[in-house]
Amino acid sequence: MEHLAPDVWKLNVDSNVYYLDIDPKTIIDLGPEEAKDIVKEELSKVVSLGDVERVILTHFHLDHIGNFDLFPNAKFYASPEEIAFFKENPMGAVLDKKLSERFKKIELHPLTHLEGFDLIKTPGHARGALCLLYKKEKILFSGDTLFRNGMGRLDLPSSEPQKMAASLEKLKKLDYKLLAPGHDY
Ligand SMILES: [Zn+2]
């Protein structure tokens, strides 16, 4: 785990998993299923997985939701748009049939307000893509909308390519000092 700020940790497993030691204990994105053992082992060094109360998903692509089953006591949140798209087209939202079937069994809660954070809706890579600005540390969790050297693909079933430019513009205007993207490329 990489320590980004006093209460923020990062784990890179192709995609990035973030742990925020705030109240309630929060995870942002879950990594791919293939990394389950590493996610379990590494996260356990900083938090008991059963103590995680909140999981926020920037979007539902398989490499961001793969390990929801590691958090038995968490409530799962995403943008209302992402939840609606998943209900319409589970396979299109997740990009994996089996995982989308299992993911249907968890209760998803729409995230419209989050204390201490600004929520920024950034359709483009995914229709319901959500970015979060952690105001105390000025860290921007940008999912697959903005990477250090580019942006997420726009050719996926839930992509809305025509909206990406406006979403990136929104992010440019934010006052952040550290980018915490969904992938390190
Ligand atoms: Zn994605």
# chains A, B, ... in the order shown; residues from 1 in each chain; ligands from 1
call {"tool": "residues_near_ligand", "arguments": {"ligand": "ligand 1", "cutoff": "8 Å", "atoms": "only C-alpha atoms and all ligand atoms", "output": "VMD selection string"}}
result
chain A and resid 59 to 64 125 to 126 143 to 144 152 to 153 182
call {"tool": "residues_around", "arguments": {"residues": "segment 167-179 of chain A", "least_positions_apart": "2", "cutoff": "9 Å", "atoms": "only C-alpha atoms", "output": "NGL selection string"}}
result
:A and (4 or 120-124 or 131 or 133-135 or 137-142 or 145-148 or 151 or 163-165 or 181)
call {"tool": "residues_around", "arguments": {"residues": "segment 89-94 of chain A", "least_positions_apart": "2", "cutoff": "6 Å", "atoms": "only C-alpha atoms", "output": "list of chain:residue names"}}
result
A:Phe60, A:His61, A:Leu62, A:Phe85, A:Phe86, A:Lys87, A:Asp96, A:Lys97, A:Ser100, A:Pro157, A:Ser158
call {"tool": "residues_around", "arguments": {"residues": "segment 75-80 of chain A", "least_positions_apart": "2", "cutoff": "6 Å", "atoms": "only C-alpha atoms", "output": "ChimeraX atom specification"}}
result
/A:54-57,82-83,108-111,128
call {"tool": "select_by_dssp", "arguments": {"residues": "segment 59-138 of chain A", "states": "strand (DSSP E or B)", "output": "PyMOL selection string"}}
result
chain A and resi 75-78+108-110+117-121+130-134
call {"tool": "select_by_dssp", "arguments": {"residues": "segment 32-150 of chain A", "states": "helix (DSSP H, G or I)", "output": "PDB file with N, CA and C atoms, in the first residue's frame"}}
result
ATOM      1  N   GLU A  33     -11.047  -8.899 -10.307  1.00  0.00           N
ATOM      2  CA  GLU A  33     -11.193 -10.144  -9.553  1.00  0.00           C
ATOM      3  C   GLU A  33      -9.898 -10.959  -9.523  1.00  0.00           C
ATOM      4  N   GLU A  34      -9.137 -10.914 -10.609  1.00  0.00           N
ATOM      5  CA  GLU A  34      -7.886 -11.696 -10.677  1.00  0.00           C
ATOM      6  C   GLU A  34      -6.913 -11.274  -9.575  1.00  0.00           C
ATOM      7  N   ALA A  35      -7.086 -10.079  -9.037  1.00  0.00           N
ATOM      8  CA  ALA A  35      -6.169  -9.580  -8.008  1.00  0.00           C
ATOM      9  C   ALA A  35      -6.730  -9.784  -6.600  1.00  0.00           C
ATOM     10  N   LYS A  36      -7.739 -10.631  -6.477  1.00  0.00           N
ATOM     11  CA  LYS A  36      -8.436 -10.747  -5.178  1.00  0.00           C
ATOM     12  C   LYS A  36      -7.485 -11.052  -4.018  1.00  0.00           C
ATOM     13  N   ASP A  37      -6.578 -12.002  -4.222  1.00  0.00           N
ATOM     14  CA  ASP A  37      -5.682 -12.379  -3.117  1.00  0.00           C
ATOM     15  C   ASP A  37      -4.803 -11.208  -2.680  1.00  0.00           C
ATOM     16  N   ILE A  38      -4.286 -10.476  -3.655  1.00  0.00           N
ATOM     17  CA  ILE A  38      -3.417  -9.332  -3.329  1.00  0.00           C
ATOM     18  C   ILE A  38      -4.229  -8.227  -2.652  1.00  0.00           C
ATOM     19  N   VAL A  39      -5.413  -7.967  -3.178  1.00  0.00           N
ATOM     20  CA  VAL A  39      -6.259  -6.915  -2.597  1.00  0.00           C
ATOM     21  C   VAL A  39      -6.551  -7.259  -1.140  1.00  0.00           C
ATOM     22  N   LYS A  40      -6.916  -8.510  -0.912  1.00  0.00           N
ATOM     23  CA  LYS A  40      -7.245  -8.957   0.448  1.00  0.00           C
ATOM     24  C   LYS A  40      -6.043  -8.807   1.374  1.00  0.00           C
ATOM     25  N   GLU A  41      -4.917  -9.295   0.915  1.00  0.00           N
ATOM     26  CA  GLU A  41      -3.721  -9.299   1.747  1.00  0.00           C
ATOM     27  C   GLU A  41      -3.212  -7.874   2.022  1.00  0.00           C
ATOM     28  N   GLU A  42      -3.149  -7.071   0.987  1.00  0.00           N
ATOM     29  CA  GLU A  42      -2.592  -5.725   1.149  1.00  0.00           C
ATOM     30  C   GLU A  42      -3.521  -4.808   1.960  1.00  0.00           C
ATOM     31  N   LEU A  43      -4.809  -4.850   1.625  1.00  0.00           N
ATOM     32  CA  LEU A  43      -5.739  -3.988   2.369  1.00  0.00           C
ATOM     33  C   LEU A  43      -5.802  -4.368   3.845  1.00  0.00           C
ATOM     34  N   LEU A  49     -11.109  -5.994   6.858  1.00  0.00           N
ATOM     35  CA  LEU A  49     -12.050  -5.839   5.751  1.00  0.00           C
ATOM     36  C   LEU A  49     -13.502  -5.783   6.227  1.00  0.00           C
ATOM     37  N   GLY A  50     -13.773  -6.474   7.319  1.00  0.00           N
ATOM     38  CA  GLY A  50     -15.122  -6.449   7.872  1.00  0.00           C
ATOM     39  C   GLY A  50     -15.511  -5.106   8.476  1.00  0.00           C
ATOM     40  N   ASP A  51     -14.523  -4.248   8.701  1.00  0.00           N
ATOM     41  CA  ASP A  51     -14.799  -2.918   9.268  1.00  0.00           C
ATOM     42  C   ASP A  51     -15.094  -1.869   8.197  1.00  0.00           C
ATOM     43  N   LEU A  62     -15.512  -4.108 -15.019  1.00  0.00           N
ATOM     44  CA  LEU A  62     -15.080  -5.268 -14.234  1.00  0.00           C
ATOM     45  C   LEU A  62     -13.802  -5.058 -13.435  1.00  0.00           C
ATOM     46  N   ASP A  63     -12.909  -4.243 -13.964  1.00  0.00           N
ATOM     47  CA  ASP A  63     -11.632  -4.057 -13.269  1.00  0.00           C
ATOM     48  C   ASP A  63     -11.742  -3.070 -12.096  1.00  0.00           C
ATOM     49  N   HIS A  64     -12.946  -2.574 -11.851  1.00  0.00           N
ATOM     50  CA  HIS A  64     -13.165  -1.668 -10.710  1.00  0.00           C
ATOM     51  C   HIS A  64     -14.105  -2.230  -9.651  1.00  0.00           C
ATOM     52  N   ILE A  65     -14.792  -3.327 -10.001  1.00  0.00           N
ATOM     53  CA  ILE A  65     -15.779  -3.871  -9.051  1.00  0.00           C
ATOM     54  C   ILE A  65     -15.490  -5.304  -8.628  1.00  0.00           C
ATOM     55  N   PHE A  68     -16.018  -7.013  -4.730  1.00  0.00           N
ATOM     56  CA  PHE A  68     -17.070  -6.558  -3.806  1.00  0.00           C
ATOM     57  C   PHE A  68     -17.345  -7.573  -2.705  1.00  0.00           C
ATOM     58  N   ASP A  69     -17.057  -8.835  -2.996  1.00  0.00           N
ATOM     59  CA  ASP A  69     -17.360  -9.888  -2.014  1.00  0.00           C
ATOM     60  C   ASP A  69     -16.387  -9.916  -0.834  1.00  0.00           C
ATOM     61  N   LEU A  70     -15.376  -9.069  -0.852  1.00  0.00           N
ATOM     62  CA  LEU A  70     -14.437  -9.031   0.289  1.00  0.00           C
ATOM     63  C   LEU A  70     -14.952  -8.154   1.436  1.00  0.00           C
ATOM     64  N   PRO A  80     -26.268   7.683  -9.582  1.00  0.00           N
ATOM     65  CA  PRO A  80     -27.582   7.181 -10.009  1.00  0.00           C
ATOM     66  C   PRO A  80     -27.571   6.764 -11.483  1.00  0.00           C
ATOM     67  N   GLU A  81     -26.784   7.477 -12.299  1.00  0.00           N
ATOM     68  CA  GLU A  81     -26.725   7.172 -13.736  1.00  0.00           C
ATOM     69  C   GLU A  81     -26.085   5.800 -13.984  1.00  0.00           C
ATOM     70  N   GLU A  82     -25.040   5.486 -13.205  1.00  0.00           N
ATOM     71  CA  GLU A  82     -24.362   4.196 -13.392  1.00  0.00           C
ATOM     72  C   GLU A  82     -25.273   3.052 -12.957  1.00  0.00           C
ATOM     73  N   ILE A  83     -25.985   3.263 -11.871  1.00  0.00           N
ATOM     74  CA  ILE A  83     -26.911   2.227 -11.382  1.00  0.00           C
ATOM     75  C   ILE A  83     -28.037   2.020 -12.409  1.00  0.00           C
ATOM     76  N   ALA A  84     -28.545   3.107 -12.970  1.00  0.00           N
ATOM     77  CA  ALA A  84     -29.621   2.989 -13.971  1.00  0.00           C
ATOM     78  C   ALA A  84     -29.122   2.251 -15.211  1.00  0.00           C
ATOM     79  N   PHE A  85     -27.916   2.567 -15.664  1.00  0.00           N
ATOM     80  CA  PHE A  85     -27.382   1.891 -16.856  1.00  0.00           C
ATOM     81  C   PHE A  85     -27.172   0.401 -16.574  1.00  0.00           C
ATOM     82  N   PHE A  86     -26.686   0.099 -15.389  1.00  0.00           N
ATOM     83  CA  PHE A  86     -26.478  -1.309 -15.022  1.00  0.00           C
ATOM     84  C   PHE A  86     -27.801  -2.077 -15.058  1.00  0.00           C
ATOM     85  N   LYS A  87     -28.870  -1.446 -14.589  1.00  0.00           N
ATOM     86  CA  LYS A  87     -30.171  -2.128 -14.592  1.00  0.00           C
ATOM     87  C   LYS A  87     -30.669  -2.369 -16.015  1.00  0.00           C
ATOM     88  N   GLU A  88     -30.373  -1.425 -16.902  1.00  0.00           N
ATOM     89  CA  GLU A  88     -30.752  -1.563 -18.319  1.00  0.00           C
ATOM     90  C   GLU A  88     -29.924  -2.623 -19.025  1.00  0.00           C
ATOM     91  N   PRO A  90     -26.755  -4.877 -17.837  1.00  0.00           N
ATOM     92  CA  PRO A  90     -25.727  -5.318 -16.876  1.00  0.00           C
ATOM     93  C   PRO A  90     -24.412  -5.700 -17.540  1.00  0.00           C
ATOM     94  N   MET A  91     -24.506  -6.440 -18.634  1.00  0.00           N
ATOM     95  CA  MET A  91     -23.298  -6.881 -19.329  1.00  0.00           C
ATOM     96  C   MET A  91     -22.557  -5.684 -19.935  1.00  0.00           C
ATOM     97  N   GLY A  92     -23.295  -4.729 -20.455  1.00  0.00           N
ATOM     98  CA  GLY A  92     -22.672  -3.535 -21.043  1.00  0.00           C
ATOM     99  C   GLY A  92     -22.002  -2.671 -19.995  1.00  0.00           C
ATOM    100  N   ALA A  93     -22.561  -2.665 -18.793  1.00  0.00           N
ATOM    101  CA  ALA A  93     -22.001  -1.842 -17.722  1.00  0.00           C
ATOM    102  C   ALA A  93     -20.751  -2.472 -17.122  1.00  0.00           C
ATOM    103  N   VAL A  94     -20.749  -3.813 -17.024  1.00  0.00           N
ATOM    104  CA  VAL A  94     -19.670  -4.512 -16.314  1.00  0.00           C
ATOM    105  C   VAL A  94     -18.620  -5.077 -17.279  1.00  0.00           C
ATOM    106  N   LYS A  97     -20.018 -11.169 -18.251  1.00  0.00           N
ATOM    107  CA  LYS A  97     -21.337 -11.734 -17.994  1.00  0.00           C
ATOM    108  C   LYS A  97     -21.456 -12.310 -16.577  1.00  0.00           C
ATOM    109  N   LYS A  98     -20.494 -13.160 -16.229  1.00  0.00           N
ATOM    110  CA  LYS A  98     -20.592 -13.843 -14.924  1.00  0.00           C
ATOM    111  C   LYS A  98     -20.526 -12.856 -13.767  1.00  0.00           C
ATOM    112  N   LEU A  99     -19.589 -11.923 -13.878  1.00  0.00           N
ATOM    113  CA  LEU A  99     -19.443 -10.942 -12.798  1.00  0.00           C
ATOM    114  C   LEU A  99     -20.701 -10.072 -12.700  1.00  0.00           C
ATOM    115  N   SER A 100     -21.274  -9.718 -13.840  1.00  0.00           N
ATOM    116  CA  SER A 100     -22.482  -8.876 -13.802  1.00  0.00           C
ATOM    117  C   SER A 100     -23.630  -9.626 -13.127  1.00  0.00           C
ATOM    118  N   GLU A 101     -23.707 -10.932 -13.339  1.00  0.00           N
ATOM    119  CA  GLU A 101     -24.760 -11.733 -12.683  1.00  0.00           C
ATOM    120  C   GLU A 101     -24.588 -11.714 -11.168  1.00  0.00           C
ATOM    121  N   ARG A 102     -23.357 -11.869 -10.722  1.00  0.00           N
ATOM    122  CA  ARG A 102     -23.111 -11.864  -9.260  1.00  0.00           C
ATOM    123  C   ARG A 102     -23.294 -10.469  -8.669  1.00  0.00           C
ATOM    124  N   PHE A 103     -22.925  -9.485  -9.445  1.00  0.00           N
ATOM    125  CA  PHE A 103     -23.012  -8.102  -8.974  1.00  0.00           C
ATOM    126  C   PHE A 103     -24.473  -7.666  -8.792  1.00  0.00           C
TER     127      PHE A 103
END
call {"tool": "closest_residue", "arguments": {"among": "A:Glu107, A:Met1, A:Val47, A:Ala129", "to": "Ile22 of chain A", "atoms": "only C-alpha atoms"}}
result
A:Val47
call {"tool": "atom_distance", "arguments": {"atom1": "atom CA of His183 of chain A", "atom2": "atom CA of Gly31 of chain A"}}
result
9.9 Å
call {"tool": "residues_around", "arguments": {"residues": "Tyr18 of chain A", "least_positions_apart": "2", "cutoff": "9 Å", "atoms": "only C-alpha atoms", "output": "VMD selection string"}}
result
chain A and resid 8 to 12 16 20 26 to 30 141 180
call {"tool": "atom_distance", "arguments": {"atom1": "atom CA of Phe71 of chain A", "atom2": "atom CA of Glu53 of chain A"}}
result
8.0 Å
call {"tool": "closest_residue", "arguments": {"among": "A:Val46, A:Leu154, A:Lys136, A:Lys25", "to": "His3 of chain A", "atoms": "only C-alpha atoms"}}
result
A:Val46
